[in-house]
Every structure is written in C-alpha cells, then in structure tokens.
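Raw coords22.txt, compact mmCIF, C-alpha atoms and all ligand atoms:
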# COMPACT_ATOMS: atom_id res chain seq x y z
CA MET V 1 123.46 128.98 115.07
CA TYR V 2 124.76 131.96 117.03
CA GLU V 3 124.56 130.32 120.45
CA LYS V 4 128.00 131.67 121.36
CA VAL V 5 127.00 135.27 120.68
CA LEU V 6 123.49 134.92 122.04
CA ASP V 7 124.63 134.48 125.62
CA SER V 8 122.49 131.91 127.42
CA GLN V 9 122.05 134.05 130.55
CA LYS V 10 120.72 136.89 128.45
CA VAL V 11 118.41 134.50 126.58
CA THR V 12 117.08 133.13 129.89
CA LEU V 13 116.42 136.64 131.18
CA CYS V 14 114.70 137.61 127.94
CA ARG V 15 112.48 134.52 128.09
CA GLN V 16 111.52 135.38 131.65
CA TRP V 17 110.75 139.03 130.88
CA MET V 18 108.67 138.04 127.88
CA ALA V 19 106.72 135.45 129.89
CA GLU V 20 106.07 138.01 132.63
CA GLY V 21 105.09 140.82 130.25
CA GLN V 22 101.46 141.92 130.55
CA ASN V 23 101.65 144.78 128.10
CA ILE V 24 104.44 144.37 125.59
CA LEU V 25 105.29 146.91 122.90
CA LEU V 26 107.34 145.96 119.86
CA VAL V 27 108.78 149.12 118.35
CA SER V 28 110.82 149.83 115.23
CA HIS V 29 112.09 152.81 113.28
CA THR V 30 110.43 155.60 111.28
CA ASN V 31 109.88 154.89 107.56
CA ALA V 32 109.89 151.18 108.33
CA ASP V 33 111.39 148.81 105.78
CA GLY V 34 110.76 145.10 105.31
CA ASP V 35 113.10 144.17 108.15
CA ALA V 36 111.47 146.60 110.58
CA CYS V 37 107.90 145.50 109.75
CA GLY V 38 108.85 141.83 109.45
CA SER V 39 110.73 141.67 112.73
CA ILE V 40 108.09 143.33 114.91
CA LEU V 41 105.26 141.32 113.31
CA GLY V 42 107.15 138.01 113.33
CA MET V 43 107.96 138.53 116.99
CA ALA V 44 104.37 139.59 117.74
CA PHE V 45 102.96 136.32 116.38
CA MET V 46 105.35 134.31 118.52
CA LEU V 47 104.85 136.44 121.63
CA ASP V 48 101.06 136.08 121.31
CA GLN V 49 101.65 132.45 122.20
CA ALA V 50 104.62 132.81 124.54
CA THR V 51 102.95 135.28 126.89
CA GLY V 52 100.43 134.41 129.53
CA GLU V 53 96.66 134.69 129.38
CA GLY V 54 95.33 138.25 129.26
CA SER V 55 98.57 139.79 128.15
CA CYS V 56 98.66 142.15 125.23
CA VAL V 57 101.32 142.40 122.50
CA THR V 58 101.28 145.50 120.30
CA PRO V 59 103.54 146.28 117.34
CA VAL V 60 104.19 150.02 116.95
CA LEU V 61 105.79 152.03 114.15
CA PRO V 62 106.40 155.79 114.50
CA ASN V 63 104.72 156.64 111.20
CA GLY V 64 102.78 153.44 110.69
CA CYS V 65 103.11 150.48 108.37
CA PRO V 66 104.12 151.60 104.87
CA LYS V 67 101.58 150.73 102.14
CA GLN V 68 104.24 148.56 100.55
CA PHE V 69 104.06 146.14 103.48
CA GLY V 70 100.33 146.36 104.14
CA TRP V 71 99.95 142.78 102.85
CA LEU V 72 102.04 141.30 105.67
CA PRO V 73 100.07 139.12 108.06
CA GLY V 74 99.24 141.21 111.11
CA ALA V 75 99.99 144.55 109.40
CA ASP V 76 96.60 145.84 110.54
CA ARG V 77 97.72 145.37 114.15
CA ILE V 78 100.46 147.97 113.81
CA VAL V 79 99.78 151.16 115.76
CA SER V 80 101.04 154.36 114.17
CA GLY V 81 102.60 156.52 116.89
CA GLN V 82 102.03 159.61 114.79
CA LYS V 83 98.44 159.02 113.61
CA GLU V 84 97.27 157.36 116.84
CA ARG V 85 99.05 159.62 119.29
CA GLN V 86 96.59 159.10 122.14
CA ARG V 87 96.58 155.33 121.74
CA TRP V 88 100.38 155.32 121.70
CA ARG V 89 100.50 157.33 124.94
CA GLU V 90 98.07 154.93 126.63
CA LEU V 91 100.00 151.90 125.40
CA LEU V 92 103.27 153.43 126.56
CA ALA V 93 101.86 154.27 129.98
CA GLU V 94 100.73 150.67 130.48
CA ALA V 95 103.78 148.96 128.95
CA ASP V 96 105.88 146.77 131.23
CA LEU V 97 108.20 145.54 128.48
CA ILE V 98 109.37 147.34 125.35
CA VAL V 99 111.27 145.47 122.67
CA CYS V 100 112.97 147.75 120.15
CA MET V 101 113.85 146.00 116.92
CA ASP V 102 115.91 146.86 113.83
CA MET V 103 116.99 150.19 115.34
CA ASN V 104 120.05 150.97 117.45
CA ALA V 105 118.79 153.99 119.40
CA CYS V 106 115.53 155.63 120.46
CA SER V 107 116.38 158.55 118.19
CA ARG V 108 115.50 156.32 115.19
CA THR V 109 111.84 156.64 116.21
CA ASP V 110 111.86 160.44 115.70
CA MET V 111 108.68 161.86 117.26
CA LEU V 112 108.37 158.93 119.70
CA ALA V 113 112.02 159.08 120.78
CA GLU V 114 111.74 161.28 123.83
CA GLU V 115 108.72 159.50 125.35
CA LEU V 116 110.34 156.15 124.61
CA ARG V 117 113.62 157.17 126.24
CA GLU V 118 111.92 158.57 129.33
CA LYS V 119 109.59 155.62 129.91
CA ARG V 120 110.74 153.50 132.83
CA CYS V 121 110.20 149.78 132.24
CA ARG V 122 112.18 146.78 131.01
CA LYS V 123 113.66 147.51 127.61
CA VAL V 124 115.16 144.97 125.23
CA LEU V 125 117.03 145.72 122.01
CA ILE V 126 117.13 143.20 119.15
CA ASP V 127 119.11 144.68 116.28
CA HIS V 128 121.87 144.41 113.71
CA HIS V 129 123.04 148.02 113.37
CA HIS V 130 126.42 149.26 114.54
CA ASN V 131 126.82 151.36 117.70
CA PRO V 132 123.77 150.43 119.81
CA ALA V 133 122.86 153.09 122.40
CA THR V 134 123.69 150.76 125.30
CA GLU V 135 122.55 153.23 127.97
CA GLU V 136 118.99 153.20 126.59
CA PHE V 137 118.33 149.46 127.01
CA ASP V 138 118.46 146.89 129.84
CA LEU V 139 119.09 143.84 127.66
CA ILE V 140 120.80 143.99 124.28
CA PHE V 141 121.02 141.50 121.44
CA SER V 142 123.09 143.39 118.91
CA MET V 143 124.70 141.58 115.99
CA PRO V 144 126.02 143.90 113.27
CA GLU V 145 127.44 140.89 111.40
CA ILE V 146 124.05 139.25 110.83
CA SER V 147 122.06 139.80 107.60
CA SER V 148 118.94 141.23 109.16
CA THR V 149 117.02 141.67 112.38
CA CYS V 150 114.60 139.06 111.05
CA GLU V 151 117.41 136.51 110.84
CA LEU V 152 118.38 137.39 114.40
CA VAL V 153 114.76 136.80 115.45
CA VAL V 154 114.83 133.35 113.81
CA TRP V 155 117.87 132.28 115.86
CA LEU V 156 116.90 134.08 119.05
CA SER V 157 113.38 132.64 119.03
CA GLU V 158 114.86 129.15 118.55
CA LEU V 159 116.94 129.66 121.69
CA LEU V 160 114.01 131.19 123.57
CA TRP V 161 111.32 128.66 122.74
CA GLY V 162 112.63 126.03 120.30
CA ASP V 163 110.23 125.84 117.35
CA ARG V 164 107.17 125.92 119.59
CA TYR V 165 105.77 129.27 118.50
CA MET V 166 107.09 129.56 114.94
CA GLY V 167 104.30 129.31 112.40
CA ARG V 168 103.35 130.28 108.87
CA GLU V 169 102.40 133.88 109.64
CA ALA V 170 105.58 134.61 111.61
CA ALA V 171 107.61 132.85 108.89
CA ILE V 172 106.16 135.07 106.12
CA CYS V 173 107.02 138.20 108.13
CA LEU V 174 110.54 137.07 108.99
CA TYR V 175 111.31 135.84 105.46
CA THR V 176 110.29 139.28 104.18
CA GLY V 177 112.93 141.04 106.30
CA LEU V 178 115.58 138.50 105.28
CA ASN V 179 114.68 139.11 101.64
CA THR V 180 114.54 142.90 101.74
CA ASP V 181 117.65 143.53 103.89
CA THR V 182 119.73 141.35 101.55
CA GLY V 183 118.26 142.84 98.36
CA GLY V 184 116.77 139.46 97.49
CA PHE V 185 119.76 137.49 98.85
CA ALA V 186 122.24 139.56 96.84
CA PHE V 187 124.25 141.31 99.60
CA SER V 188 124.76 141.09 103.39
CA CYS V 189 124.28 137.34 102.98
CA GLU V 190 127.87 136.09 103.11
CA GLN V 191 127.18 133.84 106.09
CA PRO V 192 125.56 130.43 105.53
CA SER V 193 123.29 131.21 108.49
CA CYS V 194 121.32 133.67 106.35
CA PHE V 195 120.31 130.89 103.95
CA GLU V 196 119.84 128.45 106.81
CA ALA V 197 117.36 130.85 108.38
CA ALA V 198 115.56 131.19 105.03
CA ALA V 199 115.50 127.38 104.65
CA LYS V 200 114.04 127.04 108.11
CA LEU V 201 111.26 129.54 107.32
CA VAL V 202 110.43 127.95 103.96
CA ARG V 203 109.51 124.76 105.83
CA TYR V 204 106.46 126.60 107.22
CA ASP V 205 104.58 126.41 103.92
CA ILE V 206 105.58 129.85 102.71
CA HIS V 207 106.22 130.65 99.05
CA PRO V 208 109.30 132.77 98.24
CA SER V 209 108.08 133.61 94.73
CA GLU V 210 104.73 134.89 96.06
CA ILE V 211 106.52 136.93 98.71
CA HIS V 212 108.87 138.28 96.03
CA ASN V 213 105.85 139.40 93.97
CA CYS V 214 104.41 141.17 97.01
CA ILE V 215 107.71 142.90 97.76
CA VAL V 216 109.09 143.73 94.32
CA ASN V 217 106.54 143.55 91.52
CA THR V 218 104.29 146.26 92.85
CA PHE V 219 105.02 149.43 90.87
CA THR V 220 102.26 151.86 89.94
CA THR V 221 102.63 153.34 86.45
CA ASN V 222 103.46 156.72 88.04
CA ARG V 223 106.30 155.17 89.95
CA MET V 224 107.63 153.55 86.76
CA PHE V 225 107.51 156.86 84.87
CA PHE V 226 109.26 158.51 87.80
CA TYR V 227 112.06 155.93 87.61
CA GLY V 228 112.50 156.77 83.93
CA PHE V 229 112.75 160.45 84.82
CA ALA V 230 115.11 159.74 87.72
CA LEU V 231 117.53 157.71 85.62
CA SER V 232 117.52 160.00 82.60
CA GLN V 233 117.22 163.45 84.24
CA ARG V 234 118.40 163.28 87.82
CA MET V 235 121.43 161.01 87.83
CA ARG V 236 124.85 162.62 88.28
CA ILE V 237 127.56 160.19 87.24
CA TYR V 238 131.23 160.67 88.18
CA PRO V 239 133.08 157.75 86.57
CA GLU V 240 136.51 158.84 87.79
CA GLN V 241 135.35 158.93 91.42
CA ARG V 242 133.27 155.80 90.74
CA VAL V 243 130.26 157.56 92.24
CA ALA V 244 126.69 158.27 91.10
CA VAL V 245 124.29 160.61 92.90
CA MET V 246 120.56 161.12 92.40
CA ALA V 247 118.79 164.09 93.96
CA PHE V 248 115.06 164.82 94.05
CA SER V 249 113.46 168.08 95.07
CA LEU V 250 109.99 168.33 96.61
CA ASP V 251 108.84 169.62 93.21
CA ASP V 252 110.15 166.50 91.44
CA GLN V 253 108.21 164.33 93.87
CA LYS V 254 105.05 166.39 93.53
CA ARG V 255 105.21 166.32 89.74
CA PHE V 256 105.08 162.51 89.66
CA GLY V 257 102.98 162.10 92.79
CA VAL V 258 105.61 159.92 94.45
CA SER V 259 106.81 159.72 98.05
CA GLY V 260 109.75 158.24 99.93
CA GLU V 261 108.21 154.78 99.79
CA ASP V 262 108.23 154.90 95.99
CA MET V 263 111.97 155.52 96.04
CA GLU V 264 112.74 152.45 98.12
CA GLY V 265 115.32 150.54 96.08
CA LEU V 266 115.94 153.27 93.52
CA VAL V 267 119.41 154.02 94.90
CA ASN V 268 120.48 150.46 94.02
CA TYR V 269 120.17 151.32 90.32
CA THR V 270 123.36 153.38 90.61
CA LEU V 271 125.30 150.21 91.39
CA LEU V 272 124.09 148.50 88.21
CA MET V 273 126.80 150.50 86.42
CA LYS V 274 129.96 148.44 86.33
CA GLU V 275 132.30 151.33 87.07
CA ILE V 276 130.22 152.75 89.93
CA GLU V 277 131.19 151.67 93.44
CA VAL V 278 129.14 154.05 95.57
CA GLY V 279 125.65 155.37 94.94
CA ALA V 280 123.74 158.08 96.78
CA LEU V 281 120.11 159.15 96.68
CA LEU V 282 118.94 162.45 98.16
CA ARG V 283 115.28 163.12 98.75
CA GLU V 284 114.09 166.51 99.89
CA GLU V 285 111.52 166.66 102.67
CA VAL V 286 110.09 169.78 104.27
CA GLY V 287 113.04 171.41 106.08
CA ARG V 288 115.39 168.46 105.70
CA THR V 289 116.89 166.01 103.22
CA LYS V 290 117.06 162.21 103.50
CA VAL V 291 120.24 160.61 102.22
CA SER V 292 120.64 156.96 101.21
CA LEU V 293 124.07 155.51 100.51
CA ARG V 294 125.00 152.18 98.94
CA SER V 295 128.27 150.50 98.04
CA LYS V 296 129.06 147.23 96.34
CA TYR V 297 132.80 146.64 96.88
CA GLY V 298 135.03 147.79 99.71
CA VAL V 299 133.88 151.31 100.51
CA ASP V 300 132.32 151.58 103.98
CA VAL V 301 129.36 153.93 103.47
CA ASN V 302 128.45 153.65 107.14
CA LYS V 303 131.50 155.84 107.89
CA ILE V 304 130.37 158.38 105.31
CA ALA V 305 126.83 158.37 106.73
CA GLN V 306 128.21 158.92 110.22
CA ARG V 307 130.07 162.02 109.04
CA LEU V 308 126.70 163.28 107.78
CA GLY V 309 125.10 162.59 111.17
CA GLY V 310 123.56 159.22 110.25
CA GLY V 311 124.64 155.60 110.29
CA GLY V 312 123.67 152.12 109.15
CA HIS V 313 125.63 149.29 107.62
CA THR V 314 128.85 148.92 105.63
CA LYS V 315 127.07 148.60 102.29
CA ALA V 316 123.79 150.39 103.03
CA SER V 317 123.48 153.43 105.22
CA GLY V 318 121.67 156.71 105.48
CA ALA V 319 121.38 160.06 107.16
CA THR V 320 118.86 162.81 107.70
CA CYS V 321 120.39 166.22 107.08
CA GLN V 322 118.64 169.28 108.47
CA MET V 323 119.44 171.24 105.31
CA PRO V 324 117.75 171.96 102.00
CA LEU V 325 118.51 169.73 99.01
CA GLY V 326 121.20 171.93 97.44
CA ASP V 327 123.33 172.21 100.60
CA THR V 328 122.93 168.51 101.35
CA LEU V 329 124.01 167.64 97.81
CA LYS V 330 127.16 169.73 98.26
CA ALA V 331 127.91 168.09 101.62
CA VAL V 332 127.34 164.55 100.30
CA GLU V 333 129.41 165.10 97.17
CA LYS V 334 132.23 166.55 99.29
CA GLU V 335 132.19 163.46 101.53
CA LEU V 336 132.33 161.32 98.39
CA GLY V 337 135.41 163.14 97.14
CA ILE V 338 133.67 165.20 94.49
CA THR V 339 134.59 168.87 94.37
CA ASN V 340 134.69 171.02 91.26
CA VAL V 341 133.90 168.08 88.99
CA GLU V 342 131.13 168.07 86.40
CA PRO V 343 129.04 164.91 86.09
CA VAL V 344 129.26 163.16 82.72
CA GLY V 345 126.57 164.12 80.22
CA LEU V 346 124.53 161.95 77.92
CA GLU V 347 126.53 161.01 74.86
CA ILE V 348 123.85 160.31 72.29
CA GLU V 349 124.65 160.79 68.63
CA GLN V 350 122.12 163.04 66.94
P1 LIG V 401 117.80 153.62 103.55
O1 LIG V 401 118.86 154.17 102.65
O2 LIG V 401 117.20 152.39 102.97
O3 LIG V 401 116.84 154.64 104.04
O4 LIG V 401 118.57 153.15 104.84
C1 LIG V 401 119.62 152.22 104.81
C2 LIG V 401 120.13 152.02 106.21
O5 LIG V 401 120.73 153.22 106.65
C3 LIG V 401 119.03 151.72 107.21
O6 LIG V 401 118.88 150.35 107.39
C4 LIG V 401 119.55 152.37 108.47
O7 LIG V 401 120.41 151.48 109.10
C5 LIG V 401 120.41 153.51 107.99
N1 LIG V 401 119.75 154.83 108.05
C6 LIG V 401 118.89 155.37 107.14
N2 LIG V 401 118.51 156.60 107.49
C7 LIG V 401 119.17 156.88 108.64
C8 LIG V 401 119.19 158.03 109.52
O8 LIG V 401 118.56 159.05 109.29
N3 LIG V 401 119.98 157.92 110.62
C9 LIG V 401 120.71 156.80 110.90
N4 LIG V 401 121.45 156.78 112.01
N5 LIG V 401 120.71 155.73 110.11
C10 LIG V 401 119.96 155.75 108.99
MN MN V 402 117.49 145.76 109.13

Just dump the structure as structure tokens.
Ligand code: 5GP
Ligand code: MN
Amino acid sequence: MYEKVLDSQKVTLCRQWMAEGQNILLVSHTNADGDACGSILGMAFMLDQATGEGSCVTPVLPNGCPKQFGWLPGADRIVSGQKERQRWRELLAEADLIVCMDMNACSRTDMLAEELREKRCRKVLIDHHHNPATEEFDLIFSMPEISSTCELVVWLSELLWGDRYMGREAAICLYTGLNTDTGGFAFSCEQPSCFEAAAKLVRYDIHPSEIHNCIVNTFTTNRMFFYGFALSQRMRIYPEQRVAVMAFSLDDQKRFGVSGEDMEGLVNYTLLMKEIEVGALLREEVGRTKVSLRSKYGVDVNKIAQRLGGGGHTKASGATCQMPLGDTLKAVEKELGITNVEPVGLEIEQ
C-alpha cells in the first residue's frame, strides 16, 4: 500500500535487525491510548514468531497499560516502567533492539526518556506524528499522513513478512488503534488505505462490534455523572471565536473520583456543537496541566499545541504545561484568540 514511502532498503534492514534481536523492547508513550497499546502489542505478537528461538520480546509503557485497554490480548505482558522500575532497568540493560511506536521522541516517555535516550543499541521508530526526533533513532518509519501507527504496522508487517505472522490476536490489537485514532472511523481516515487495513484485519475472525463495546461502552456511573457535570458546569463556549474550552481542577476530579483515563474522548463533545470548530480540554495534575486540542474543519491545532510546548496531529493534539490550571487556561484561550471575552451563559427560561 505504501511501498513507495516504506523504502525497501529500510524494510530489509528492519527485517534483519528484528530477526537478529535477542532482547527486543517495544516502547510507547505515557498515558497510552488505543494506538499506543495496540501497536506495541500487535507488533509483539508478530515479533514473537519472527524472532529466533530464545529471544525475548517485551512491550513497555512508561506508566503501564491503562485499565481501559486491559482487555487487549497480551495486555498482561506490558511492563510498566514506573511501577516496575527495576525490571525496566534490567530489560533496558539487556536490550539489543528498541522499537519506539506511536511517539516521535523519547521525551514522550517522560520518566523513561533519559535512560531511553542514553541507551546505546539499535533503535527503530514506527510512528505517525509530525517532527520525529531523527537524531534519537537509527531507522525511522515516520508517516504523518497515515491514520494511525497501527495502520502503519499493518502495511509495514506485510512488507516485512507477508501475512506469515499476522493472526487474530495481533489483528484485534491493531484494529483497536485504527478505531481509536480515527474516532471510530470518523476522522483521520480520508485515505482508502485506512479502510483497506481494517478490511484486512477483519479477515482474521475479529468482531468490530465487540471491539467497539470494549473500547466505547465502558463507562462507570461515576464517569457518566462527571460527564454531566463537565458539560453543564465546566464548558466555556465562545460562539464568535467558534471555540469551546473545558477545564477541570484537581478538586473537580477528586469530587467525582475520575482520572485522566475517564476524560479520554470528552474533548470531542465540544465539536458536537455545529458552530464550534476548535475544542480544548484542560486537566490539572499535580504541578502541571494537560491540554487536549481538537478541530473538525481547517484549523491546525498541532500548530497551537506546538506554541504551548506540545504537538500531535492537525485535528488532534496536546501539550503538557508546567503551570497551574488558571494560568494554563489563560495561555490556551490566548492562543485560541480569546481575550477579554465572556463565555456564553445558559439561556434557560425560568
Ligand atoms: P490527547 O489529547 O488525546 O491526550 O492527545 C492527542 C494527541 O496529541 C496525541 O496523539 C499526541 O500526538 C499529542 N499529544 C498529547 N499530549 C502531548 C504532549 O504533552 N506533548 C506532545 N508533544 N504531544 C502531545
Ligand atoms: Mn497514534
């Protein structure tokens, strides 16, 4: 599908490195999403077969597999760099090949970043974010135009090994990343290849509706009540600027017993409003604030995220601001062209 972009010399080298790998680490970013979990696990299942006898393939996530994706086949194999610090250090010391996936720079692994950067061994990047840190990797497959890292893994694995190592478990993992990074095939899926990859995976006896249930229909009642609160009490709507911003303090999160994982997808609700083009969600953490940005028409939120010290994709990006919620809110609203404007209030007739 992308044979022209996936240079055959690079593919050959990758195949050779993977075949020679004795201790291979598959690493993705902090607060992993479906594409991060799906790509490292999908690749792990295939590498289990592609590598020689006695070799060891380990998927690693900086802060572990989120509960939301605990149902993925192989999720229990994922090593949490944070919780299993010693294990991570041993794995890193022994690694002869590290494949970083769905991240464009070591910095996306936060507390593992420095050790990862300093480790000397073969390093491959398989990713679809803009601006890969080229100096940090020896072999780079970077395709910002592709829907997801999981789609990239579908096409890259086909070039590496044909269909030899693709199977049901890998297909479930890879389909999950395709699904989540396109919001259920709603955005970032302009290219036919996205659906062709999905079609290919569906042939491995996987069930999209079951996977959808596992991904989407999973709310706890607390999370549902929190969404009600978020939409009615914490949404700042600026129709003239075509922007909506939600902001949650640590207290808000404590009150409903919710965490970052529970807010996955919440920012997309801003775009349900016809007149809103850009939505932002701010979530306070201890000493910093996470920002999520989404757009549905032409606005490039990646550029806005970059100005806030983050990055991502044209229609979905984010940043981590080392500031409290209030200051971050001011900075985000300024970047979105909102200064000295009051958000619209509820207009309910008494
Ligand atoms: P989310 O809003 O779902 O957390 O992230 C959307 C996208 O924005 C991610 O896929 C990632 O590409 C990017 N992103 C999120 N947080 C950060 C961050 O702190 N730094 C950078 N560079 N990119 C981020
Ligand atoms: Mn992704």

Give me the residues near segment 162-168 of chain V as a PyMOL selection string, where near means some atom within 7 Å (using only C-alpha atoms) and where sequence neighbours in that chain fewer than 2 positions away do not count. chain V and resi 46+49+157-160+170-172+204-206

Which residues are near segment 238-255 of chain V? Cut-off 10 Å, all atoms listed in the file, ignore same chain within fewer than 2 positions. Put them as a ChimeraX atom specification. /V:222,226,229-231,233-236,257-260,262-263,266-267,269-271,273-286,289-293,295,324-326,328-329,332-333,336-338,341-345

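Reported to one decimal place, the separation of atom N3 of ligand LIG 401 (chain V) from atom CA of Leu308 of chain V is 9.1 Å.
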
State, in Å with one decimal place, the distance from atom CA of Gly309 of chain V to atom C10 of ligand LIG 401 (chain V).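 Computing it gives 8.8 Å between the two atoms.
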
Enumerate, as a PyMOL selection string, the protein, DNA and RNA residues whose atoms approach (129.3, 144.8, 113.2) to within 12 Å, taking into account only C-alpha atoms and the coordinate frame of the file. chain V and resi 104+127-132+142-148+188+300+302+312-315

Neighbour list for segment 78-82 of chain V as a VMD selection string, cut-off 8 Å, only C-alpha atoms, skip fewer than 6 positions in-chain: chain V and resid 58 to 65 88 111 to 112

Quick one, how far is atom O2 of ligand LIG 401 (chain V) from atom CA of Val99 of chain V?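 Separation between atom O2 of ligand LIG 401 (chain V) and atom CA of Val99 of chain V: 21.7 Å.
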
Which residues sit within 10 Å of ligand MN 402 (chain V), counting only C-alpha atoms and all ligand atoms, listed as a short mmCIF file (atom, residue, chain, number, x, y, z; two decimals) with C-alpha atoms, in the coordinates of the input?
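Produced file pocket.cif, reproduced below:
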data_model
loop_
_atom_site.label_atom_id
_atom_site.label_comp_id
_atom_site.auth_asym_id
_atom_site.auth_seq_id
_atom_site.Cartn_x
_atom_site.Cartn_y
_atom_site.Cartn_z
CA SER V 28 110.82 149.83 115.23
CA HIS V 29 112.09 152.81 113.28
CA ALA V 32 109.89 151.18 108.33
CA ASP V 33 111.39 148.81 105.78
CA GLY V 34 110.76 145.10 105.31
CA ASP V 35 113.10 144.17 108.15
CA ALA V 36 111.47 146.60 110.58
CA CYS V 37 107.90 145.50 109.75
CA GLY V 38 108.85 141.83 109.45
CA SER V 39 110.73 141.67 112.73
CA MET V 101 113.85 146.00 116.92
CA ASP V 102 115.91 146.86 113.83
CA MET V 103 116.99 150.19 115.34
CA ASP V 127 119.11 144.68 116.28
CA HIS V 128 121.87 144.41 113.71
CA HIS V 129 123.04 148.02 113.37
CA PRO V 144 126.02 143.90 113.27
CA ILE V 146 124.05 139.25 110.83
CA SER V 147 122.06 139.80 107.60
CA SER V 148 118.94 141.23 109.16
CA THR V 149 117.02 141.67 112.38
CA CYS V 150 114.60 139.06 111.05
CA GLU V 151 117.41 136.51 110.84
CA LEU V 152 118.38 137.39 114.40
CA GLY V 177 112.93 141.04 106.30
CA LEU V 178 115.58 138.50 105.28
CA THR V 180 114.54 142.90 101.74
CA ASP V 181 117.65 143.53 103.89
CA THR V 182 119.73 141.35 101.55
CA GLY V 312 123.67 152.12 109.15
CA HIS V 313 125.63 149.29 107.62
CA ALA V 316 123.79 150.39 103.03
#

Restricting the calculation to all atoms listed in the file: of V:Arg307, V:Arg294, V:Arg15, V:Lys330, which residue gets closest to ligand LIG 401 (chain V)?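 Among V:Arg307, V:Arg294, V:Arg15, V:Lys330, it is V:Arg294 that comes nearest to ligand LIG 401 (chain V).
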
Which of these, V:Asp48, V:Asp96, V:Glu135, V:Asp76, has the shortest distance to Gly21 of chain V once you count only C-alpha atoms?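 For Gly21 of chain V, the nearest of the candidates is V:Asp96.
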
Go through V:Ala105, V:Leu6, V:Ile98, V:Leu116 one by one, measure the shortest atom-to-atom distance of each to ligand LIG 401 (chain V) using only C-alpha atoms and all ligand atoms, and give the residue with the smallest value.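 Among the listed residues, the smallest separation from ligand LIG 401 (chain V) belongs to V:Ala105.
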
Which centre and edge lengths in Å to one decimal define the box along x, y and z that fits every listed atom of ligand LIG 401 (chain V) plus 5 Å per side, as AutoDock Vina command-line options?
--center_x 119.1 --center_y 154.7 --center_z 107.3 --size_x 14.6 --size_y 18.7 --size_z 19.4

For each of V:Glu169, V:Trp161, V:Lys67, V:Thr30, take the minimum atom-to-atom distance to ligand LIG 401 (chain V), counting all atoms listed in the file, then give the residue where this is smallest. V:Thr30

Which polymer residues have any atom within 7 Å of an atom of Ala95 of chain V, counting only C-alpha atoms, with same-chain residues fewer than 4 positions away left out, as a PyMOL selection string? chain V and resi 23-25+91

Saved selection, atoms kept: C-alpha atoms, as a compact mmCIF listing (two decimals), in the coordinates of the input:
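Full text of out-v8.txt as output:
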# COMPACT_ATOMS: atom_id res chain seq x y z
CA ASN V 23 101.65 144.78 128.10
CA ILE V 24 104.44 144.37 125.59
CA LEU V 25 105.29 146.91 122.90
CA LEU V 91 100.00 151.90 125.40

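The shortest atom-to-atom distance to Asp138 of chain V, with only C-alpha atoms taken into account, belongs to V:Leu13 out of V:Leu26, V:Leu13, V:Asn31, V:Gly184.
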
Residues within 10 Å of Ile211 of chain V, all atoms listed in the file, excluding chain neighbours under 5 positions, as a PyMOL selection string: chain V and resi 71-72+172-173+175-176+179+206+216-217

Dump as an mmCIF file, keeping the file's coordinate frame, selection limited to C-alpha atoms:
data_model
loop_
_atom_site.group_PDB
_atom_site.id
_atom_site.type_symbol
_atom_site.label_atom_id
_atom_site.label_comp_id
_atom_site.auth_asym_id
_atom_site.auth_seq_id
_atom_site.Cartn_x
_atom_site.Cartn_y
_atom_site.Cartn_z
ATOM 1 C CA TRP V 71 99.950 142.780 102.850
ATOM 2 C CA LEU V 72 102.040 141.300 105.670
ATOM 3 C CA ILE V 172 106.160 135.070 106.120
ATOM 4 C CA CYS V 173 107.020 138.200 108.130
ATOM 5 C CA TYR V 175 111.310 135.840 105.460
ATOM 6 C CA THR V 176 110.290 139.280 104.180
ATOM 7 C CA ASN V 179 114.680 139.110 101.640
ATOM 8 C CA ILE V 206 105.580 129.850 102.710
ATOM 9 C CA VAL V 216 109.090 143.730 94.320
ATOM 10 C CA ASN V 217 106.540 143.550 91.520
#

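When all atoms listed in the file are used to compute distances to ligand LIG 401 (chain V), the closest of the residues V:Gln68, V:Thr339, V:Thr109, V:Thr134 turns out to be V:Thr109.
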
Supply segment 46-50 of chain V as a CSV table (one decimal), in the frame of the given file, with all heavy atoms built in where the input has gaps.
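Written file, part39.csv:
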chain,number,residue,atom,x,y,z
V,46,MET,N,104.8,135.3,117.6
V,46,MET,CA,105.4,134.3,118.5
V,46,MET,C,105.0,134.7,120.0
V,46,MET,O,104.7,133.8,120.8
V,46,MET,CB,106.9,134.2,118.3
V,46,MET,CG,107.1,133.5,117.0
V,46,MET,SD,108.9,133.0,116.7
V,46,MET,CE,109.5,134.6,116.2
V,47,LEU,N,105.1,136.0,120.3
V,47,LEU,CA,104.8,136.4,121.6
V,47,LEU,C,103.4,136.2,122.0
V,47,LEU,O,103.1,136.0,123.2
V,47,LEU,CB,105.2,137.9,121.8
V,47,LEU,CG,106.7,138.2,122.1
V,47,LEU,CD1,106.9,139.7,122.3
V,47,LEU,CD2,107.1,137.5,123.4
V,48,ASP,N,102.5,136.3,121.0
V,48,ASP,CA,101.1,136.1,121.3
V,48,ASP,C,100.9,134.8,122.0
V,48,ASP,O,100.1,134.6,122.9
V,48,ASP,CB,100.3,136.0,120.0
V,48,ASP,CG,100.0,137.4,119.4
V,48,ASP,OD1,100.1,138.4,120.1
V,48,ASP,OD2,99.7,137.4,118.2
V,49,GLN,N,101.7,133.8,121.6
V,49,GLN,CA,101.6,132.4,122.2
V,49,GLN,C,102.5,132.3,123.4
V,49,GLN,O,102.2,131.5,124.3
V,49,GLN,CB,102.1,131.4,121.2
V,49,GLN,CG,101.2,131.5,119.9
V,49,GLN,CD,101.8,130.7,118.8
V,49,GLN,OE1,101.8,129.4,118.9
V,49,GLN,NE2,102.4,131.3,117.8
V,50,ALA,N,103.7,133.0,123.4
V,50,ALA,CA,104.6,132.8,124.5
V,50,ALA,C,104.2,133.5,125.8
V,50,ALA,O,104.6,133.1,126.9
V,50,ALA,CB,106.0,133.3,124.1
